[in-house]
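Peer 1: Below are the structure tokens for one structure; questions will follow.
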Amino acid sequence: MNFTQGEIIYINKPYRMTSFGALAYVRTRISRKIGVKRVKIGHAGTLDPLATGVLILCTGKKTKEIERLQYDTKEYTASLQLGATTPSYDMEHEVDETYPVEHITRELIEQTLPRFVGEIQQVPPQYSAVKIDGKRAYKLKRKGNEVELKPKTVRVDEIEVTSYDAEKQRLSIRVVCGKGTYIRSLARDIGEALGSGAYLTALCRTRLGAVSIDDCITIEDFPQWLDSQEIELS
């Protein structure tokens, strides 16, 4: 492998680590291995800290591939808690409101989900990396500023129920979608469409383009993987 000329590495990002944190971890170890101060590296498609799964890292001249890779179709598995919402639409914040769930059935869910397939309008989460006048929305929000984000067009190719616990009102779904789709916002919108509320309790990106989570290296295994590579220096 020649990390200076360019390589593409598939990482399974762990829970609570930022995408940049995973990148920095890998960059430090590659830089040390090849004896440079700071190898050039970037990632294709940010994952939230509370999400896990496929994170593609490109080094050296392969960083030119990042923009193309970001447009590849993505697949996620997500778990939703119905009947409540949080300000961030996930478990980063405590529940702020609760809603009725007595009327929710598997049949209602199956009837509701198809309305989210195709090109849809979606408002990004206020606690997100979307920029407003050059500043990240989540930073503005955490400072107590009001944040108003406009809806944008995103594409959802497939959405299906993988499990539903009627007693606990927990729903698991599989989603195939295009660039820029926020699964947190999708969870919020599904809850609203069900006449209730919902927030994410778990999210995993299982595929990005042709790369499956089964192709990825865990952060824990990365040092051993790196040691096993035959490396060219240039």
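The chains in the structure tokens are called A, B, ... from first to last as shown; in each chain the residues are counted from 1, and the ligands are counted from 1 in the order shown.
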Quick one: residues within 8 Å of range 177-192 of chain A, only C-alpha atoms counted, chain neighbours fewer than 3 positions away excluded, as a VMD selection string?

Peer 2: chain A and resid 70 to 75 78 80 82 to 83 85 88 to 90 112 to 113 122 to 125 154 to 158 195 to 200

Peer 1: Name the residues in contact with Leu69 in chain A at a cut-off of 12 Å, using only C-alpha atoms, excluding same-chain residues fewer than 2 positions from it; report them as a PyMOL selection string.

Peer 2: chain A and resi 8+42-46+55-58+62-67+71-74+178-179+207-211

Peer 1: Pick out each residue of range 16-219 of chain A that DSSP on the backbone tags as strand (DSSP E or B); I need them as a PyMOL selection string.

Peer 2: chain A and resi 41-44+51-59+74-82+84-85+97-98+118-122+131-132+135-136+152-165+170-177+198-208+211-212+217-218

Peer 1: Please provide as number ranges by chain all residues within 10 Å of Gln229 in chain A, with the sequence filter that same-chain residues fewer than 5 positions apart are discarded (counting only C-alpha atoms).

Peer 2: A: 1-2, 224

Peer 1: Figure out the distance between CA of Ser212 in chain A and CA of Gly60 in chain A, please, to one decimal in Å.

Peer 2: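 Pair CA of Gly60 in chain A / CA of Ser212 in chain A returns 22.8 Å.
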
Peer 1: Mind giving me the straight-line distance from CA of Val175 in chain A to CA of Lys139 in chain A in Å, one decimal?

Peer 2: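 Separation of CA of Val175 in chain A and CA of Lys139 in chain A: 28.0 Å.
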
Peer 1: Write out as number ranges by chain the set of residues from range 74-221 of chain A that DSSP, computed on the backbone, places in helix (DSSP H, G or I).

Peer 2: A: 106-116, 137-142, 183-193, 213-215

Peer 1: Skip Ala22 in chain A itself and residues of its chain fewer than 4 positions away, then list as a count of residues only all residues within 9 Å of it, counting only C-alpha atoms.

Peer 2: 9

Peer 1: Between A:Ser172, A:Ala166, A:Ile30, A:Ile159, which is the closest to Val117 in chain A once you count only C-alpha atoms?

Peer 2: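 For Val117 in chain A, the nearest of the given residues is A:Ile159.
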